[in-house]
Structure formats: structure tokens, C-alpha cells
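*Asks:* This is coords.cif (mmCIF, C-alpha atoms and all ligand atoms).
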data_query
loop_
_atom_site.group_PDB
_atom_site.id
_atom_site.type_symbol
_atom_site.label_atom_id
_atom_site.label_comp_id
_atom_site.auth_asym_id
_atom_site.auth_seq_id
_atom_site.Cartn_x
_atom_site.Cartn_y
_atom_site.Cartn_z
ATOM 1 C CA MET A 157 9.157 -16.059 -1.622
ATOM 2 C CA LEU A 158 6.180 -14.283 -3.161
ATOM 3 C CA ASN A 159 6.464 -10.565 -2.478
ATOM 4 C CA ILE A 160 3.711 -8.244 -3.688
ATOM 5 C CA ILE A 161 3.485 -4.473 -3.635
ATOM 6 C CA LEU A 162 -0.152 -3.407 -3.808
ATOM 7 C CA GLY A 163 -0.376 -0.077 -5.607
ATOM 8 C CA GLY A 164 -3.348 2.171 -6.225
ATOM 9 C CA ALA A 165 -5.053 5.289 -4.927
ATOM 10 C CA PRO A 166 -6.687 5.506 -1.493
ATOM 11 C CA GLY A 167 -9.902 3.470 -1.686
ATOM 12 C CA SER A 168 -8.768 1.415 -4.682
ATOM 13 C CA GLY A 169 -9.201 -1.789 -2.639
ATOM 14 C CA LYS A 170 -5.715 -2.571 -1.314
ATOM 15 C CA GLY A 171 -6.956 -3.529 2.153
ATOM 16 C CA THR A 172 -9.672 -5.862 0.832
ATOM 17 C CA GLN A 173 -7.329 -7.589 -1.635
ATOM 18 C CA SER A 174 -4.672 -7.933 1.070
ATOM 19 C CA GLU A 175 -7.118 -9.914 3.227
ATOM 20 C CA LEU A 176 -8.002 -12.216 0.321
ATOM 21 C CA ILE A 177 -4.332 -12.755 -0.592
ATOM 22 C CA VAL A 178 -3.378 -13.506 3.031
ATOM 23 C CA GLU A 179 -6.167 -16.066 3.268
ATOM 24 C CA LYS A 180 -5.246 -17.891 0.069
ATOM 25 C CA TYR A 181 -1.438 -17.610 -0.029
ATOM 26 C CA GLY A 182 -0.498 -17.188 3.661
ATOM 27 C CA LEU A 183 1.648 -14.098 3.115
ATOM 28 C CA GLU A 184 2.623 -11.558 5.789
ATOM 29 C CA HIS A 185 0.624 -8.338 5.435
ATOM 30 C CA LEU A 186 2.343 -5.034 6.106
ATOM 31 C CA SER A 187 -0.111 -2.116 6.005
ATOM 32 C CA THR A 188 1.913 0.997 6.783
ATOM 33 C CA GLY A 189 -1.381 2.859 7.419
ATOM 34 C CA ASP A 190 -2.347 0.264 10.086
ATOM 35 C CA VAL A 191 1.118 0.486 11.701
ATOM 36 C CA LEU A 192 0.853 4.287 11.828
ATOM 37 C CA ARG A 193 -2.696 4.177 13.233
ATOM 38 C CA ALA A 194 -1.546 1.740 15.954
ATOM 39 C CA GLU A 195 1.223 4.189 16.897
ATOM 40 C CA ILE A 196 -1.346 7.005 17.106
ATOM 41 C CA LYS A 197 -3.639 4.860 19.269
ATOM 42 C CA SER A 198 -0.791 4.166 21.686
ATOM 43 C CA GLY A 199 -0.808 7.887 22.548
ATOM 44 C CA SER A 200 2.984 8.253 22.121
ATOM 45 C CA GLU A 201 4.680 11.534 21.184
ATOM 46 C CA LEU A 202 5.609 10.014 17.815
ATOM 47 C CA GLY A 203 1.958 9.049 17.312
ATOM 48 C CA LYS A 204 0.840 12.614 17.974
ATOM 49 C CA GLU A 205 3.292 13.937 15.378
ATOM 50 C CA MET A 206 2.019 11.400 12.887
ATOM 51 C CA GLU A 207 -1.638 12.139 13.547
ATOM 52 C CA ALA A 208 -1.087 15.801 12.690
ATOM 53 C CA ILE A 209 0.337 14.792 9.296
ATOM 54 C CA ILE A 210 -2.162 12.038 8.461
ATOM 55 C CA SER A 211 -5.280 14.031 9.354
ATOM 56 C CA LYS A 212 -4.151 16.662 6.815
ATOM 57 C CA GLY A 213 -3.840 13.983 4.125
ATOM 58 C CA GLN A 214 -0.080 14.491 3.836
ATOM 59 C CA LEU A 215 2.706 11.903 3.805
ATOM 60 C CA ILE A 216 4.977 10.890 6.688
ATOM 61 C CA PRO A 217 8.614 11.801 5.820
ATOM 62 C CA ASP A 218 10.417 9.178 3.710
ATOM 63 C CA ALA A 219 13.250 8.597 6.193
ATOM 64 C CA LYS A 220 10.793 7.577 8.954
ATOM 65 C CA MET A 221 8.911 5.204 6.636
ATOM 66 C CA ILE A 222 12.092 3.633 5.255
ATOM 67 C CA ASP A 223 13.358 3.017 8.779
ATOM 68 C CA LEU A 224 10.013 1.393 9.690
ATOM 69 C CA LEU A 225 10.291 -0.902 6.645
ATOM 70 C CA ASP A 226 13.854 -1.883 7.405
ATOM 71 C CA ARG A 227 12.832 -2.958 10.916
ATOM 72 C CA PHE A 228 9.823 -4.856 9.555
ATOM 73 C CA LEU A 229 12.015 -6.776 7.072
ATOM 74 C CA ASP A 230 14.432 -7.648 9.901
ATOM 75 C CA SER A 231 11.531 -9.090 11.904
ATOM 76 C CA LEU A 232 10.476 -11.592 9.202
ATOM 77 C CA LYS A 233 10.796 -15.247 10.193
ATOM 78 C CA ALA A 234 12.953 -17.614 8.120
ATOM 79 C CA ASP A 235 9.895 -19.618 7.037
ATOM 80 C CA CYS A 236 7.974 -16.545 5.804
ATOM 81 C CA LYS A 237 6.207 -17.326 2.512
ATOM 82 C CA GLY A 238 6.298 -13.735 1.342
ATOM 83 C CA VAL A 239 5.043 -10.252 2.051
ATOM 84 C CA ILE A 240 2.254 -7.953 0.868
ATOM 85 C CA PHE A 241 3.391 -4.354 0.984
ATOM 86 C CA ASP A 242 0.204 -2.298 1.357
ATOM 87 C CA GLY A 243 0.773 1.465 1.438
ATOM 88 C CA PHE A 244 4.515 1.336 0.742
ATOM 89 C CA PRO A 245 6.288 2.601 -1.343
ATOM 90 C CA ARG A 246 4.338 5.842 -1.724
ATOM 91 C CA THR A 247 7.140 7.923 -3.268
ATOM 92 C CA VAL A 248 9.876 7.134 -5.777
ATOM 93 C CA ALA A 249 12.469 7.655 -3.007
ATOM 94 C CA GLN A 250 10.681 4.948 -0.945
ATOM 95 C CA ALA A 251 10.617 2.661 -4.008
ATOM 96 C CA GLU A 252 14.365 3.070 -4.544
ATOM 97 C CA ALA A 253 15.000 2.371 -0.867
ATOM 98 C CA LEU A 254 12.769 -0.717 -0.994
ATOM 99 C CA THR A 255 14.661 -2.097 -4.007
ATOM 100 C CA GLU A 256 17.896 -1.680 -2.057
ATOM 101 C CA MET A 257 16.493 -3.185 1.177
ATOM 102 C CA LEU A 258 15.031 -6.185 -0.672
ATOM 103 C CA GLY A 259 18.207 -6.664 -2.737
ATOM 104 C CA ARG A 260 20.310 -6.844 0.432
ATOM 105 C CA ARG A 261 18.051 -9.688 1.578
ATOM 106 C CA LYS A 262 17.993 -11.466 -1.804
ATOM 107 C CA MET A 263 14.288 -10.665 -2.192
ATOM 108 C CA THR A 264 12.330 -9.251 -5.156
ATOM 109 C CA ALA A 265 8.796 -7.865 -5.347
ATOM 110 C CA TYR A 266 6.215 -7.200 -8.062
ATOM 111 C CA MET A 267 3.775 -4.303 -8.106
ATOM 112 C CA LEU A 268 0.091 -5.093 -8.650
ATOM 113 C CA ASP A 269 -1.497 -1.708 -9.333
ATOM 114 C CA LEU A 270 -5.227 -1.322 -8.592
ATOM 115 C CA PHE A 271 -7.226 1.137 -10.719
ATOM 116 C CA ALA A 272 -10.662 2.553 -9.849
ATOM 117 C CA SER A 273 -12.421 5.724 -10.960
ATOM 118 C CA GLU A 274 -12.463 8.805 -8.782
ATOM 119 C CA ASP A 275 -16.242 8.677 -8.122
ATOM 120 C CA VAL A 276 -16.060 5.001 -7.055
ATOM 121 C CA ILE A 277 -13.067 5.689 -4.815
ATOM 122 C CA THR A 278 -14.699 8.696 -3.148
ATOM 123 C CA GLU A 279 -17.888 6.749 -2.441
ATOM 124 C CA ARG A 280 -15.929 3.840 -0.938
ATOM 125 C CA LEU A 281 -13.876 6.129 1.325
ATOM 126 C CA ILE A 282 -16.900 8.103 2.530
ATOM 127 C CA ASN A 283 -18.680 4.823 3.387
ATOM 128 C CA ARG A 284 -15.564 3.477 5.111
ATOM 129 C CA GLY A 285 -15.287 6.684 7.148
ATOM 130 C CA LYS A 286 -18.840 6.220 8.454
ATOM 131 C CA LYS A 287 -17.957 2.772 9.824
ATOM 132 C CA SER A 288 -14.295 3.126 10.828
ATOM 133 C CA GLY A 289 -14.338 6.685 12.094
ATOM 134 C CA ARG A 290 -11.008 7.308 10.311
ATOM 135 C CA THR A 291 -10.352 11.031 10.584
ATOM 136 C CA ASP A 292 -8.864 11.162 7.070
ATOM 137 C CA ASP A 293 -11.951 9.660 5.368
ATOM 138 C CA ASN A 294 -13.851 12.944 4.942
ATOM 139 C CA LEU A 295 -14.423 14.725 1.634
ATOM 140 C CA GLU A 296 -11.875 17.502 2.163
ATOM 141 C CA THR A 297 -9.048 15.179 3.256
ATOM 142 C CA ILE A 298 -9.931 12.622 0.554
ATOM 143 C CA LYS A 299 -9.411 15.351 -2.083
ATOM 144 C CA LYS A 300 -6.048 16.246 -0.565
ATOM 145 C CA ARG A 301 -4.992 12.557 -0.451
ATOM 146 C CA MET A 302 -5.917 12.179 -4.126
ATOM 147 C CA GLN A 303 -3.746 15.205 -4.991
ATOM 148 C CA VAL A 304 -0.855 13.765 -2.984
ATOM 149 C CA TYR A 305 -1.395 10.402 -4.689
ATOM 150 C CA ARG A 306 -1.209 11.973 -8.178
ATOM 151 C CA ALA A 307 1.863 14.050 -7.392
ATOM 152 C CA GLU A 308 3.899 11.684 -5.196
ATOM 153 C CA THR A 309 2.668 8.117 -5.611
ATOM 154 C CA GLU A 310 1.591 7.754 -9.244
ATOM 155 C CA PRO A 311 5.216 8.084 -10.443
ATOM 156 C CA VAL A 312 5.995 4.915 -8.438
ATOM 157 C CA SER A 313 4.039 2.921 -11.069
ATOM 158 C CA ALA A 314 6.414 4.059 -13.830
ATOM 159 C CA TYR A 315 9.342 3.063 -11.619
ATOM 160 C CA TYR A 316 8.077 -0.554 -11.524
ATOM 161 C CA VAL A 317 7.047 -0.562 -15.208
ATOM 162 C CA ASN A 318 10.653 0.302 -16.068
ATOM 163 C CA ARG A 319 11.923 -2.512 -13.846
ATOM 164 C CA HIS A 320 9.550 -5.017 -15.568
ATOM 165 C CA GLU A 321 8.035 -5.745 -12.177
ATOM 166 C CA TYR A 322 4.568 -4.347 -12.875
ATOM 167 C CA PHE A 323 0.967 -5.554 -13.425
ATOM 168 C CA MET A 324 -2.210 -3.484 -13.879
ATOM 169 C CA ILE A 325 -5.556 -4.446 -12.318
ATOM 170 C CA ASN A 326 -9.100 -3.159 -12.890
ATOM 171 C CA SER A 327 -10.488 -2.630 -9.375
ATOM 172 C CA ASN A 328 -13.565 -0.668 -10.434
ATOM 173 C CA ILE A 329 -16.071 -3.563 -10.556
ATOM 174 C CA ASN A 330 -16.084 -5.591 -7.328
ATOM 175 C CA PRO A 331 -13.669 -7.422 -4.978
ATOM 176 C CA ASP A 332 -14.248 -10.849 -6.604
ATOM 177 C CA TYR A 333 -13.408 -9.650 -10.095
ATOM 178 C CA THR A 334 -10.338 -7.855 -8.736
ATOM 179 C CA PHE A 335 -9.181 -10.963 -6.864
ATOM 180 C CA ALA A 336 -9.623 -13.113 -9.994
ATOM 181 C CA GLN A 337 -7.103 -10.862 -11.750
ATOM 182 C CA VAL A 338 -4.783 -10.954 -8.721
ATOM 183 C CA GLN A 339 -4.765 -14.767 -8.755
ATOM 184 C CA THR A 340 -4.014 -14.914 -12.490
ATOM 185 C CA ILE A 341 -1.064 -12.567 -12.044
ATOM 186 C CA ILE A 342 0.255 -14.482 -9.039
ATOM 187 C CA SER A 343 0.158 -17.708 -11.078
ATOM 188 C CA HIS A 344 2.511 -15.961 -13.560
ATOM 189 C CA ILE A 345 5.048 -14.751 -11.018
ATOM 190 C CA GLN A 346 5.042 -17.677 -8.574
HETATM 191 P P1 LIG A 401 -5.151 4.951 2.123
HETATM 192 O O1 LIG A 401 -4.353 4.170 1.113
HETATM 193 O O2 LIG A 401 -6.560 4.509 2.237
HETATM 194 O O3 LIG A 401 -5.018 6.444 1.971
HETATM 195 P P2 LIG A 401 -3.373 4.138 4.334
HETATM 196 O O4 LIG A 401 -3.987 3.483 5.502
HETATM 197 O O5 LIG A 401 -2.471 3.344 3.462
HETATM 198 O O6 LIG A 401 -4.622 4.732 3.558
HETATM 199 O O7 LIG A 401 -2.564 5.449 4.791
HETATM 200 C C1 LIG A 401 -3.145 6.454 5.587
HETATM 201 C C2 LIG A 401 -2.170 7.617 5.757
HETATM 202 O O8 LIG A 401 -0.960 7.151 6.425
HETATM 203 C C3 LIG A 401 -1.664 8.257 4.459
HETATM 204 O O9 LIG A 401 -2.547 9.229 3.935
HETATM 205 C C4 LIG A 401 -0.317 8.862 4.929
HETATM 206 O O10 LIG A 401 -0.504 10.055 5.635
HETATM 207 C C5 LIG A 401 0.211 7.814 5.904
HETATM 208 N N1 LIG A 401 1.094 6.806 5.231
HETATM 209 C C6 LIG A 401 0.824 5.484 5.057
HETATM 210 N N2 LIG A 401 1.829 4.872 4.391
HETATM 211 C C7 LIG A 401 2.751 5.833 4.130
HETATM 212 C C8 LIG A 401 4.004 5.862 3.436
HETATM 213 N N3 LIG A 401 4.527 4.759 2.875
HETATM 214 N N4 LIG A 401 4.668 7.045 3.353
HETATM 215 C C9 LIG A 401 4.170 8.167 3.902
HETATM 216 N N5 LIG A 401 3.003 8.223 4.554
HETATM 217 C C10 LIG A 401 2.284 7.081 4.673
#
Taking this structure as input, can you express it in the form of C-alpha cells?
Ligand code: ADP
*Replies:*
Amino acid sequence: MLNIILGGAPGSGKGTQSELIVEKYGLEHLSTGDVLRAEIKSGSELGKEMEAIISKGQLIPDAKMIDLLDRFLDSLKADCKGVIFDGFPRTVAQAEALTEMLGRRKMTAYMLDLFASEDVITERLINRGKKSGRTDDNLETIKKRMQVYRAETEPVSAYYVNRHEYFMINSNINPDYTFAQVQTIISHIQ
């Protein structure tokens, strides 16, 4: 199985690379952001709680996210070629839980960490917000998400560096150049 954790700040290109990876390698794509937005769209009580958190640019509590992941891993079919984790883990506690959940299932995963500059990221998110109507893609919430990323999510990179399960990617140029790097890395870990 080829299991990939896509790291990187909001707007670093995780969604775009996920689509390209799915197309070429046939992996399952888990975007925790998409799962949460689907819950919100359903109009459930849980969705309402989540919307309040997400629209402020904050993180959903770890326990809820870990539970969601555990259920997702249980739902994987026996012939699954692998998984792209997009948006998880976002805290070191989530990373530790993921290591445990994967270990129990005899799975391992490598982090591919996407780097882009703050001005490029902000421009991408503002443009995305115009098309998608995502309530968290406005300047104020973007700033908050970047702060949360620095404080909570950046330490996850060091966690994977220390486990020797880590690769860095320059995602500041364009999707093609980013995907070329992704493919080279995958050829090393496959
Ligand atoms: P982006 O990476 O562009 O910020 P996502 O679609 O991955 O967007 O996530 C949107 C929001 O959903 C996050 O800002 C956060 O509030 C919530 N979220 C997604 N994944 C997680 C997670 N693993 N832990 C906590 N909150 C999450």
C-alpha cells in the first residue's frame, strides 16, 4: 500500500496534488475538510457545531477528528491501493494517533510537505474563495488559519522528520512542477 500524508499550509496546493495523485496512482483520497463541509451541508447539529469552529479558522477537537479517521480506516476495502491523507494530521496529538491507528492495521505512511510563500498562499485562497464561496477563505480568517497552522500544524513536520518518514516539496511555482517532485518521491517510497 502507498499511503501519503500531504502536509502544508492552507492554500499550499494539497487539494490540487491530491487530484493528480488519485488520477495517476488510484489512491483513496481523504480530505478531512471535505468531510467536515459535507457534514455542515447536511444541516445536522454536529455540522452546525463544526461550522462555528471552521468559520473562525480554528481546529475541530482532536478526539472528534481521530474518531473520524478510525472510522474511515475501517471502511477501506481489502483491495485499496493506498490512501492520501489531506488535512490530517493537523496536530502532533493527531499524528501520534494516526501512527497508532496505522500500526494496528500494519500500514505506514510518508509525509510529503508542500511549501509556498505567504503571499502566494494568500492570493490562491482569496481566488478560491471567490469561486467556491468557502466562508473561511476571506482575509481575516486566512490570517487566523495561518496562525493556527504555525502554532499547531507546523510541529507535525518535525514529528515525521524524526520518524524518517518525511519529504519536502517546493509548491511555490505551479502544479506541474509540484507534481513532478511528488512523482519522484513516490518512485522512492513505492
Ligand atoms: P485548508 O487546508 O485549505 O485550510 P481544509 O479543507 O483542509 O482547508 O480544512 C478546513 C477547516 O476544517 C480547517 O481550517 C479546520 O477548521 C477544519 N479541519 C480540517 N481538518 C482538520 C483536522 N485534521 N483537525 C482539526 N480541524 C480540521
*Asks:* Could you work out an axis-aligned box for ligand LIG 401 (chain A), taking every atom the file lists and adding 5 Å on each side, and report centre and edge lengths in Å to one decimal, as lines of an AutoDock Vina configuration file?
*Replies:*
center_x = -0.9
center_y = 6.7
center_z = 3.8
size_x = 21.2
size_y = 16.7
size_z = 15.3
*Asks:* Residues within 7 Å of ligand LIG 401 (chain A) should be enumerated using only C-alpha atoms and all ligand atoms and returned as a ChimeraX atom specification.
*Replies:* /A:165-167,187-190,192,209-210,213-218,221,242-246,301
*Asks:* Excluding Met157 in chain A and residues on its chain fewer than 4 positions from it, collect all residues at most 12 Å away from it, counting all atoms listed in the file, and give them as an NGL selection string.
*Replies:* :A and (181-184 or 232-240 or 258 or 261-266 or 342 or 345-346)
*Asks:* How about saving the chosen residues, C-alpha atoms kept, as a PDB file, keeping the file's coordinate frame?
*Replies:*
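After the write, part.pdb holds the following:
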ATOM      1  CA  TYR A 181      -1.438 -17.610  -0.029  1.00  0.00           C
ATOM      2  CA  GLY A 182      -0.498 -17.188   3.661  1.00  0.00           C
ATOM      3  CA  LEU A 183       1.648 -14.098   3.115  1.00  0.00           C
ATOM      4  CA  GLU A 184       2.623 -11.558   5.789  1.00  0.00           C
ATOM      5  CA  LEU A 232      10.476 -11.592   9.202  1.00  0.00           C
ATOM      6  CA  LYS A 233      10.796 -15.247  10.193  1.00  0.00           C
ATOM      7  CA  ALA A 234      12.953 -17.614   8.120  1.00  0.00           C
ATOM      8  CA  ASP A 235       9.895 -19.618   7.037  1.00  0.00           C
ATOM      9  CA  CYS A 236       7.974 -16.545   5.804  1.00  0.00           C
ATOM     10  CA  LYS A 237       6.207 -17.326   2.512  1.00  0.00           C
ATOM     11  CA  GLY A 238       6.298 -13.735   1.342  1.00  0.00           C
ATOM     12  CA  VAL A 239       5.043 -10.252   2.051  1.00  0.00           C
ATOM     13  CA  ILE A 240       2.254  -7.953   0.868  1.00  0.00           C
ATOM     14  CA  LEU A 258      15.031  -6.185  -0.672  1.00  0.00           C
ATOM     15  CA  ARG A 261      18.051  -9.688   1.578  1.00  0.00           C
ATOM     16  CA  LYS A 262      17.993 -11.466  -1.804  1.00  0.00           C
ATOM     17  CA  MET A 263      14.288 -10.665  -2.192  1.00  0.00           C
ATOM     18  CA  THR A 264      12.330  -9.251  -5.156  1.00  0.00           C
ATOM     19  CA  ALA A 265       8.796  -7.865  -5.347  1.00  0.00           C
ATOM     20  CA  TYR A 266       6.215  -7.200  -8.062  1.00  0.00           C
ATOM     21  CA  ILE A 342       0.255 -14.482  -9.039  1.00  0.00           C
ATOM     22  CA  ILE A 345       5.048 -14.751 -11.018  1.00  0.00           C
ATOM     23  CA  GLN A 346       5.042 -17.677  -8.574  1.00  0.00           C
TER      24      GLN A 346
END
*Asks:* One number please: CA of Ile161 in chain A to CA of Asn283 in chain A, in Å, one decimal.
*Replies:*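 Interatomic distance here is 25.0 Å.
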*Asks:* Excluding range 297-299 of chain A and its own-chain neighbours fewer than 5 positions away, which residues fall within 8 Å of it when counting only C-alpha atoms? Please give them as an MDAnalysis selection string.
*Replies:* chainID A and resid 211:213 278 281 292
*Asks:* Which residues, named as in the file, does the PyMOL selection byres (((chain A and resi 331-340) around 8) and not hetatm) pick out? Answer as a list of chain:residue names.
*Replies:*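 This file gives the following for the PyMOL selection byres (((chain A and resi 331-340) around 8) and not hetatm): A:Gly169, A:Thr172, A:Gln173, A:Leu176, A:Leu268, A:Ile325, A:Asn326, A:Ser327, A:Ile329, A:Asn330, A:Ile341, A:Ile342, A:Ser343, A:His344.
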*Asks:* To one decimal place, how far is CA of Gln250 in chain A from CA of Ser273 in chain A in Å?
*Replies:*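 Those two atoms sit 25.2 Å apart.
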*Asks:* For Lys197 in chain A, which residue out of A:Phe271, A:Arg290, A:Leu158, A:Arg280 is the nearest one, using all atoms listed in the file?
*Replies:*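 Residue with the minimum atom-to-atom distance to Lys197 in chain A: A:Arg290.
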*Asks:* My list of candidates is A:Ser198, A:Arg193, A:Lys204, A:Phe241. Which is closest to Ile177 in chain A when distances are computed with all atoms listed in the file?
*Replies:* A:Phe241
*Asks:* Would you work out the distance separating CA of Ile282 in chain A from CA of Ile160 in chain A, expressed in Å to one decimal?
*Replies:*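 Value for the CA of Ile282 in chain A-CA of Ile160 in chain A distance: 27.0 Å.
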*Asks:* Do you know which residues lie at most 8 Å from (4.8, 6.0, -7.1), with coordinates as in the file and all atoms listed in the file counted, and could you write them as a short mmCIF file (atom, residue, chain, number, x, y, z; two decimals) with C-alpha atoms, in the coordinates of the input?
*Replies:*
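File written: selection-v5.cif
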data_model
loop_
_atom_site.label_atom_id
_atom_site.label_comp_id
_atom_site.auth_asym_id
_atom_site.auth_seq_id
_atom_site.Cartn_x
_atom_site.Cartn_y
_atom_site.Cartn_z
CA PRO A 245 6.29 2.60 -1.34
CA ARG A 246 4.34 5.84 -1.72
CA THR A 247 7.14 7.92 -3.27
CA VAL A 248 9.88 7.13 -5.78
CA ALA A 251 10.62 2.66 -4.01
CA TYR A 305 -1.40 10.40 -4.69
CA GLU A 308 3.90 11.68 -5.20
CA THR A 309 2.67 8.12 -5.61
CA GLU A 310 1.59 7.75 -9.24
CA PRO A 311 5.22 8.08 -10.44
CA VAL A 312 6.00 4.92 -8.44
CA SER A 313 4.04 2.92 -11.07
CA ALA A 314 6.41 4.06 -13.83
CA TYR A 315 9.34 3.06 -11.62
#
